[in-house]
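Undergrad: Right, I'll just put the structure down here and ask away after.
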Amino acid sequence: MVCVGTLARRSSFAPPPPRPRQAFGVQGVHCMSAARCLRHRPQSQRNWFMKAMLRALLRFGRRLLGTEQILQAQRQQLEYQRQMFGELRQQLLRANSLLKYSLVDPEKVRGSAVYQRCAEIISLLMPMDVAGGSYVRVGRKFDGGYVMLDNFSKDNVAAAYSFGISNDVSWDEAIAARGISVFLFDHTIDGLPRQHPQFHFAKLGVTGYQRGENLETLGGLLKKNAHAASNNLIMKMDIEGCEWDVFGAAPADVIGRFAQIVVELHGLCPAAPDPQYLLLVNVLKKINQTHQCVHVHANTNCDRLWVGDLVLPELLEVTYVRRSDFQNKLVANTRRFPTEIDQPTFEHMPDFELASFSAVGGG
């Protein structure tokens, strides 16, 4: 038997009943409670409530989207400013060089070791022209496209080799559009950003003297793809400075199997240590045994060296054609670089003038 006082004490200290769990929606609306109430409301009120919820969600989404657009615009503006400051720095370096050498005897400048090295590099890369030839830009606008001699098609090219892909296959797509099979190699990515029926990708890097996992020599890759005996291949190479190792080790007959080569040369520095400079010069001489440079374009994302009346960019896009294909057709160049079909590296940064890119009289 329980007394009345005990019941009173128990009732006064009894915990409150648990509150039902509620889900909250946009702007603090109790969705579950509101939904229970809506079941007893007319259809017109239910429609009004759903429209209000939708408008609130749309406002929230627009705020998020607007914030992302603002951040994207700010990132683009910062990149543009970075590029412009880089170009301003290059112009100041040029002005400093011109001022410096204007106060020095020109003959003394031309007799300096740096000037002699700069002139030697330029002379090894000095373009010639192909009589009656025409040129085409292959690839996307700005960085990623290359100027080539427009004499290749599926009828006279067995395959194209593309070394260094990253996230850009615009050159490869343009080549594939001509019906040419493209063999793509890059050991730093797991797959291509886009596919094409003519693409054949391998997660391999091209190498020369160096050896390692996922690396293969130029000759070894030709053998793997049954092109060891082909004499009508074309090549695009942008492998961040490893080109010196590749071409330095590749036999001349392997290099000679490519009718046309477009390559971005890195580290063109006449002030480099002797071993590096000698490797650079020897590789350029080796390529010149079988090929002739017909086009140059400066990558503006680099430093440039002014020495007296000479200028040499550290990064240079070079187009080679095979000499044996144009006997008696290679003539002196009269074009000025960049040409009308060239594109600047960046949209908001002007191209860099190379004139005729000659080591004689400043080009």
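Ordering of the structure tokens sets the chain letters (A, B, ...); residue numbers start at 1 within each chain; ligands are numbered from 1 in the order shown.
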With a distance cut-off of 12 Å and only C-alpha atoms, select the neighbouring residues of stretch 217-221 of chain A, excluding the residue or stretch itself and same-chain residues fewer than 5 positions from it, and output the selection as a VMD selection string.

TA: chain A and resid 161 to 163 183 to 185 201 to 212 226 to 230 235 237 242 to 243 245 to 258

Undergrad: Keeping only N, CA and C atoms, write the selected residues to a file as a short mmCIF file (atom, residue, chain, number, x, y, z; two decimals), in the first residue's frame.

TA:
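Final file, again23.cif:
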data_model
loop_
_atom_site.label_atom_id
_atom_site.label_comp_id
_atom_site.auth_asym_id
_atom_site.auth_seq_id
_atom_site.Cartn_x
_atom_site.Cartn_y
_atom_site.Cartn_z
N TYR A 161 53.63 9.77 -82.17
CA TYR A 161 54.04 9.48 -80.80
C TYR A 161 53.96 10.78 -80.00
N SER A 162 53.27 10.71 -78.87
CA SER A 162 53.05 11.89 -78.03
C SER A 162 53.58 11.60 -76.63
N PHE A 163 54.60 12.35 -76.23
CA PHE A 163 55.25 12.15 -74.94
C PHE A 163 54.99 13.35 -74.03
N PHE A 183 49.99 7.27 -80.35
CA PHE A 183 50.47 6.49 -79.21
C PHE A 183 50.93 7.49 -78.14
N LEU A 184 50.22 7.49 -77.01
CA LEU A 184 50.42 8.49 -75.97
C LEU A 184 51.11 7.86 -74.76
N PHE A 185 52.08 8.58 -74.19
CA PHE A 185 52.87 8.05 -73.08
C PHE A 185 53.03 9.12 -72.00
N PHE A 201 47.02 4.54 -75.28
CA PHE A 201 47.73 5.11 -74.13
C PHE A 201 48.45 4.03 -73.33
N ALA A 202 49.65 4.38 -72.85
CA ALA A 202 50.39 3.51 -71.94
C ALA A 202 50.98 4.36 -70.82
N LYS A 203 50.86 3.88 -69.60
CA LYS A 203 51.40 4.58 -68.44
C LYS A 203 52.91 4.32 -68.38
N LEU A 204 53.61 4.89 -69.34
CA LEU A 204 55.05 4.73 -69.46
C LEU A 204 55.67 6.10 -69.74
N GLY A 205 56.88 6.28 -69.25
CA GLY A 205 57.63 7.48 -69.56
C GLY A 205 58.79 7.13 -70.47
N VAL A 206 59.14 8.06 -71.35
CA VAL A 206 60.27 7.83 -72.25
C VAL A 206 61.54 8.29 -71.55
N THR A 207 62.62 7.56 -71.73
CA THR A 207 63.86 7.85 -71.04
C THR A 207 65.04 7.62 -71.97
N GLY A 208 66.21 7.97 -71.49
CA GLY A 208 67.43 7.77 -72.27
C GLY A 208 68.40 6.92 -71.49
N TYR A 209 69.30 7.59 -70.78
CA TYR A 209 70.28 6.87 -69.97
C TYR A 209 69.68 6.39 -68.65
N GLN A 210 68.71 7.13 -68.15
CA GLN A 210 68.11 6.77 -66.86
C GLN A 210 67.24 5.52 -67.01
N ARG A 211 67.17 4.75 -65.95
CA ARG A 211 66.32 3.57 -65.95
C ARG A 211 65.47 3.59 -64.69
N GLY A 212 64.31 2.97 -64.77
CA GLY A 212 63.43 2.92 -63.62
C GLY A 212 62.11 2.30 -63.98
N ALA A 226 55.66 -2.11 -82.75
CA ALA A 226 55.92 -2.62 -84.11
C ALA A 226 56.22 -1.49 -85.10
N HIS A 227 56.92 -0.45 -84.62
CA HIS A 227 57.30 0.65 -85.49
C HIS A 227 58.81 0.78 -85.64
N ALA A 228 59.53 -0.27 -85.26
CA ALA A 228 60.99 -0.19 -85.30
C ALA A 228 61.52 0.00 -86.71
N ALA A 229 60.75 -0.42 -87.71
CA ALA A 229 61.20 -0.29 -89.09
C ALA A 229 60.46 0.81 -89.85
N SER A 230 59.59 1.54 -89.16
CA SER A 230 58.82 2.60 -89.83
C SER A 230 59.68 3.84 -90.04
N MET A 235 56.26 13.12 -84.10
CA MET A 235 56.43 13.13 -82.65
C MET A 235 56.10 14.49 -82.07
N MET A 237 56.78 16.14 -78.13
CA MET A 237 57.42 15.84 -76.85
C MET A 237 57.46 17.08 -75.97
N CYS A 242 63.53 16.35 -69.62
CA CYS A 242 64.09 15.01 -69.85
C CYS A 242 64.40 14.76 -71.32
N GLU A 243 64.04 15.71 -72.19
CA GLU A 243 64.31 15.51 -73.63
C GLU A 243 65.80 15.40 -73.92
N ASP A 245 68.08 13.94 -72.11
CA ASP A 245 68.46 12.56 -71.81
C ASP A 245 67.97 11.62 -72.91
N VAL A 246 66.74 11.84 -73.38
CA VAL A 246 66.15 10.95 -74.39
C VAL A 246 66.91 11.05 -75.71
N PHE A 247 67.06 12.28 -76.22
CA PHE A 247 67.73 12.44 -77.51
C PHE A 247 69.23 12.16 -77.41
N GLY A 248 69.80 12.40 -76.23
CA GLY A 248 71.21 12.12 -76.07
C GLY A 248 71.53 10.64 -76.16
N ALA A 249 70.61 9.80 -75.71
CA ALA A 249 70.85 8.35 -75.71
C ALA A 249 70.31 7.66 -76.95
N ALA A 250 69.30 8.24 -77.60
CA ALA A 250 68.67 7.58 -78.75
C ALA A 250 69.63 7.54 -79.94
N PRO A 251 69.76 6.40 -80.60
CA PRO A 251 70.60 6.33 -81.80
C PRO A 251 70.06 7.25 -82.89
N ALA A 252 70.94 7.73 -83.74
CA ALA A 252 70.54 8.65 -84.81
C ALA A 252 69.52 8.02 -85.74
N ASP A 253 69.64 6.69 -85.97
CA ASP A 253 68.69 6.05 -86.89
C ASP A 253 67.30 5.98 -86.28
N VAL A 254 67.19 5.93 -84.94
CA VAL A 254 65.88 5.95 -84.29
C VAL A 254 65.26 7.34 -84.41
N ILE A 255 66.04 8.38 -84.16
CA ILE A 255 65.54 9.75 -84.32
C ILE A 255 65.13 9.98 -85.77
N GLY A 256 65.89 9.43 -86.69
CA GLY A 256 65.62 9.63 -88.11
C GLY A 256 64.36 8.97 -88.61
N ARG A 257 63.72 8.15 -87.81
CA ARG A 257 62.47 7.51 -88.23
C ARG A 257 61.28 8.48 -88.14
N PHE A 258 61.50 9.63 -87.54
CA PHE A 258 60.43 10.62 -87.39
C PHE A 258 60.57 11.68 -88.48
#

Undergrad: Just the residues within 7 Å of A:Gly267, please, counting only C-alpha atoms, with nothing from its chain fewer than 4 positions along; format it as an NGL selection string.

TA: :A and (241 or 314-315)

Undergrad: What's the separation between atom CA of A:Val263 and atom CA of A:Gly308, in Å to one decimal place?

TA: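 Atom CA of A:Gly308 lies 27.3 Å from atom CA of A:Val263.
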
Undergrad: Using only C-alpha atoms, find the one residue out of A:Thr290, A:Asn225, A:Thr319, A:Gln276 that sits nearest to A:Ile261.

TA: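 When distances to A:Ile261 are compared using only C-alpha atoms, the smallest one comes from A:Thr319.
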
Undergrad: Where does DSSP see strand (DSSP E) in stretch 203-330 of chain A, if you list the residues as an MDAnalysis selection string?

TA: chainID A and resid 205:207 215:217 233:237 258:265 291:298 304:307 310:313 316:322 330

Undergrad: Could you take the residues named above and write them with N, CA and C atoms, as a compact mmCIF listing (two decimals), in the first residue's frame?

TA:
# COMPACT_ATOMS: atom_id res chain seq x y z
N GLY A 205 56.88 6.28 -69.25
CA GLY A 205 57.63 7.48 -69.56
C GLY A 205 58.79 7.13 -70.47
N VAL A 206 59.14 8.06 -71.35
CA VAL A 206 60.27 7.83 -72.25
C VAL A 206 61.54 8.29 -71.55
N THR A 207 62.62 7.56 -71.73
CA THR A 207 63.86 7.85 -71.04
C THR A 207 65.04 7.62 -71.97
N LEU A 215 59.49 3.18 -67.17
CA LEU A 215 60.29 3.97 -68.10
C LEU A 215 60.80 3.07 -69.23
N GLU A 216 60.86 3.64 -70.43
CA GLU A 216 61.34 2.88 -71.59
C GLU A 216 62.03 3.84 -72.54
N THR A 217 63.03 3.34 -73.26
CA THR A 217 63.74 4.17 -74.22
C THR A 217 62.88 4.42 -75.45
N LEU A 233 57.01 8.40 -89.16
CA LEU A 233 56.38 8.71 -87.88
C LEU A 233 56.48 10.21 -87.62
N ILE A 234 55.63 10.72 -86.72
CA ILE A 234 55.75 12.09 -86.24
C ILE A 234 55.73 12.07 -84.72
N MET A 235 56.26 13.12 -84.10
CA MET A 235 56.43 13.13 -82.65
C MET A 235 56.10 14.49 -82.07
N LYS A 236 55.48 14.46 -80.89
CA LYS A 236 55.33 15.64 -80.03
C LYS A 236 55.90 15.29 -78.67
N MET A 237 56.78 16.14 -78.13
CA MET A 237 57.42 15.84 -76.85
C MET A 237 57.46 17.08 -75.97
N PHE A 258 61.50 9.63 -87.54
CA PHE A 258 60.43 10.62 -87.39
C PHE A 258 60.57 11.68 -88.48
N ALA A 259 59.53 11.80 -89.29
CA ALA A 259 59.54 12.79 -90.37
C ALA A 259 59.40 14.20 -89.83
N GLN A 260 58.74 14.34 -88.70
CA GLN A 260 58.54 15.67 -88.11
C GLN A 260 58.53 15.53 -86.58
N ILE A 261 59.19 16.46 -85.92
CA ILE A 261 59.29 16.44 -84.46
C ILE A 261 58.96 17.84 -83.94
N VAL A 262 58.02 17.91 -83.00
CA VAL A 262 57.79 19.15 -82.26
C VAL A 262 58.15 18.88 -80.81
N VAL A 263 59.01 19.69 -80.26
CA VAL A 263 59.53 19.45 -78.91
C VAL A 263 59.68 20.77 -78.19
N GLU A 264 59.35 20.76 -76.90
CA GLU A 264 59.61 21.93 -76.06
C GLU A 264 60.94 21.70 -75.36
N LEU A 265 61.91 22.54 -75.68
CA LEU A 265 63.24 22.44 -75.10
C LEU A 265 63.29 23.27 -73.82
N HIS A 291 67.76 16.28 -88.89
CA HIS A 291 66.61 17.17 -88.96
C HIS A 291 67.04 18.63 -89.04
N GLN A 292 66.09 19.46 -89.50
CA GLN A 292 66.32 20.89 -89.59
C GLN A 292 65.18 21.63 -88.89
N CYS A 293 65.53 22.59 -88.05
CA CYS A 293 64.53 23.43 -87.40
C CYS A 293 63.88 24.35 -88.44
N VAL A 294 62.53 24.39 -88.43
CA VAL A 294 61.81 25.26 -89.37
C VAL A 294 60.88 26.24 -88.65
N HIS A 295 60.76 26.11 -87.34
CA HIS A 295 59.87 27.03 -86.61
C HIS A 295 60.27 27.05 -85.14
N VAL A 296 60.21 28.24 -84.54
CA VAL A 296 60.47 28.40 -83.11
C VAL A 296 59.40 29.29 -82.50
N HIS A 297 59.11 29.03 -81.24
CA HIS A 297 58.15 29.86 -80.50
C HIS A 297 58.55 29.86 -79.04
N ALA A 298 58.64 31.04 -78.46
CA ALA A 298 59.04 31.17 -77.06
C ALA A 298 57.86 30.91 -76.14
N ARG A 304 64.10 34.92 -69.76
CA ARG A 304 64.82 35.12 -71.01
C ARG A 304 66.14 35.81 -70.72
N LEU A 305 67.14 35.46 -71.47
CA LEU A 305 68.46 36.04 -71.27
C LEU A 305 68.78 36.98 -72.43
N TRP A 306 69.07 38.24 -72.09
CA TRP A 306 69.53 39.20 -73.08
C TRP A 306 71.03 39.40 -72.89
N VAL A 307 71.77 39.20 -73.95
CA VAL A 307 73.21 39.44 -73.93
C VAL A 307 73.54 40.28 -75.16
N LEU A 310 71.60 39.78 -78.51
CA LEU A 310 71.01 38.45 -78.58
C LEU A 310 70.02 38.25 -77.45
N VAL A 311 69.01 37.43 -77.71
CA VAL A 311 68.05 37.06 -76.68
C VAL A 311 67.75 35.58 -76.82
N LEU A 312 67.69 34.89 -75.68
CA LEU A 312 67.45 33.44 -75.69
C LEU A 312 66.46 33.10 -74.59
N PRO A 313 65.26 32.61 -74.94
CA PRO A 313 64.31 32.17 -73.90
C PRO A 313 64.74 30.83 -73.32
N LEU A 316 61.73 26.87 -75.21
CA LEU A 316 61.53 27.15 -76.63
C LEU A 316 60.84 25.97 -77.29
N GLU A 317 59.72 26.24 -77.96
CA GLU A 317 59.02 25.22 -78.74
C GLU A 317 59.63 25.19 -80.14
N VAL A 318 60.11 24.03 -80.55
CA VAL A 318 60.86 23.90 -81.79
C VAL A 318 60.19 22.85 -82.68
N THR A 319 60.08 23.16 -83.96
CA THR A 319 59.56 22.22 -84.95
C THR A 319 60.69 21.82 -85.88
N TYR A 320 60.91 20.51 -85.98
CA TYR A 320 61.94 19.95 -86.86
C TYR A 320 61.28 19.17 -87.99
N VAL A 321 61.89 19.24 -89.17
CA VAL A 321 61.52 18.34 -90.27
C VAL A 321 62.76 17.55 -90.66
N ARG A 322 62.54 16.38 -91.22
CA ARG A 322 63.66 15.52 -91.61
C ARG A 322 64.32 16.07 -92.88
N LEU A 330 65.11 23.26 -98.66
CA LEU A 330 65.35 24.06 -97.46
C LEU A 330 66.02 25.36 -97.87

Undergrad: Point out the residue among A:Val109, A:Trp171, A:Ile70, A:Pro273 with the least atom-to-atom distance to A:Phe142, counting only C-alpha atoms.

TA: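 Closest residue, counting only C-alpha atoms: A:Trp171.
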
Undergrad: DSSP on the backbone: what in stretch 71-278 of chain A comes out helix (DSSP H, G or I), as number ranges by chain?

TA: A: 71-102, 106-110, 113-125, 170-176, 218-224, 243-249, 252-255, 274-278

Undergrad: Using C-alpha atoms, can you write the selected residues to a file as a compact mmCIF listing (two decimals), in the first residue's frame?

TA:
# COMPACT_ATOMS: atom_id res chain seq x y z
CA LEU A 71 36.03 33.10 -55.80
CA GLN A 72 36.61 31.90 -59.36
CA ALA A 73 36.78 35.48 -60.64
CA GLN A 74 39.24 36.37 -57.89
CA ARG A 75 41.43 33.39 -58.77
CA GLN A 76 41.43 34.41 -62.44
CA GLN A 77 42.32 37.97 -61.52
CA LEU A 78 45.21 36.82 -59.33
CA GLU A 79 46.52 34.58 -62.12
CA TYR A 80 46.29 37.46 -64.59
CA GLN A 81 48.19 39.74 -62.20
CA ARG A 82 50.84 37.06 -61.68
CA GLN A 83 51.33 36.75 -65.42
CA MET A 84 51.52 40.50 -65.93
CA PHE A 85 54.03 40.91 -63.10
CA GLY A 86 56.09 38.14 -64.70
CA GLU A 87 56.05 39.93 -68.04
CA LEU A 88 56.95 43.23 -66.36
CA ARG A 89 59.88 41.49 -64.68
CA GLN A 90 61.10 40.24 -68.05
CA GLN A 91 60.85 43.70 -69.57
CA LEU A 92 62.85 45.14 -66.67
CA LEU A 93 65.49 42.45 -67.15
CA ARG A 94 65.66 43.35 -70.83
CA ALA A 95 66.00 47.06 -70.07
CA ASN A 96 68.71 46.30 -67.53
CA SER A 97 70.58 44.18 -70.07
CA LEU A 98 70.36 46.83 -72.78
CA LEU A 99 71.49 49.54 -70.38
CA LYS A 100 74.32 47.40 -69.06
CA TYR A 101 75.71 46.51 -72.47
CA SER A 102 75.18 50.00 -73.88
CA PRO A 106 80.18 45.95 -78.11
CA GLU A 107 83.25 44.02 -79.20
CA LYS A 108 84.02 43.24 -75.59
CA VAL A 109 80.47 41.96 -75.11
CA ARG A 110 80.68 39.74 -78.19
CA ALA A 113 81.95 33.55 -72.87
CA VAL A 114 78.21 34.00 -72.21
CA TYR A 115 77.70 35.79 -75.53
CA GLN A 116 79.62 33.12 -77.42
CA ARG A 117 77.59 30.35 -75.82
CA CYS A 118 74.32 32.16 -76.45
CA ALA A 119 75.27 32.66 -80.11
CA GLU A 120 76.20 28.97 -80.45
CA ILE A 121 72.84 27.78 -79.08
CA ILE A 122 70.90 30.15 -81.34
CA SER A 123 72.95 29.11 -84.38
CA LEU A 124 72.07 25.46 -83.71
CA LEU A 125 68.37 26.35 -83.53
CA SER A 170 44.30 18.69 -77.89
CA TRP A 171 47.33 18.05 -80.13
CA ASP A 172 46.59 14.34 -80.10
CA GLU A 173 42.93 14.89 -80.98
CA ALA A 174 43.87 17.10 -83.92
CA ILE A 175 46.27 14.45 -85.21
CA ALA A 176 43.71 11.68 -84.68
CA LEU A 218 62.56 5.72 -77.46
CA GLY A 219 63.79 2.75 -79.47
CA GLY A 220 62.19 0.34 -77.01
CA LEU A 221 58.79 2.00 -77.40
CA LEU A 222 59.03 1.78 -81.19
CA LYS A 223 59.72 -1.95 -80.88
CA LYS A 224 56.82 -2.47 -78.47
CA GLU A 243 64.31 15.51 -73.63
CA TRP A 244 68.08 16.00 -73.36
CA ASP A 245 68.46 12.56 -71.81
CA VAL A 246 66.15 10.95 -74.39
CA PHE A 247 67.73 12.44 -77.51
CA GLY A 248 71.21 12.12 -76.07
CA ALA A 249 70.85 8.35 -75.71
CA ALA A 252 70.54 8.65 -84.81
CA ASP A 253 68.69 6.05 -86.89
CA VAL A 254 65.88 5.95 -84.29
CA ILE A 255 65.54 9.75 -84.32
CA ASP A 274 79.98 23.03 -68.39
CA PRO A 275 78.63 19.42 -68.33
CA GLN A 276 75.04 20.61 -68.76
CA TYR A 277 75.97 23.07 -71.48
CA LEU A 278 77.99 20.47 -73.39

Undergrad: In terms of the shortest atom-to-atom distance over only C-alpha atoms, which of A:Asn232, A:Pro338, A:Asn301, A:Met126 is closest to A:Leu284?

TA: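 Closest residue, counting only C-alpha atoms: A:Met126.
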
Undergrad: Please identify all polymer residues within 10 Å of A:Val169, counting only C-alpha atoms, omitting same-chain residues fewer than 4 positions from it, and present them as a list in words.

TA: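 In the requested form, the answer reads Gly139, Arg140, Gly144, Gly145, Ser162, Gly164, Ile165, Glu173, Ala174, Ile175, Leu184, Leu192, Pro193, Arg194, Gln195, His196 and Phe199 of chain A.
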
Undergrad: Closest to A:Ala355 among A:Asp168, A:Asn333, A:Val147, A:Arg137, using only C-alpha atoms?

TA: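 Checking each of A:Asp168, A:Asn333, A:Val147, A:Arg137 against A:Ala355, counting only C-alpha atoms, the winner is A:Asn333.
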
Undergrad: Using only C-alpha atoms, which residue out of A:Ser324, A:Thr188, A:Gln343, A:Asn288 lies closest to A:Pro127?

TA: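 For A:Pro127, the nearest of the candidates is A:Asn288.
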
Undergrad: By how many Å are atom CA of A:Ile189 and atom CA of A:Ala177 apart?

TA: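 Going from atom CA of A:Ile189 over to atom CA of A:Ala177, I get 23.3 Å.
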
Undergrad: Kindly give the distance, in Å, that separates atom CA of A:Ser166 and atom CA of A:Asp143, rounded to a single decimal.

TA: 12.5 Å
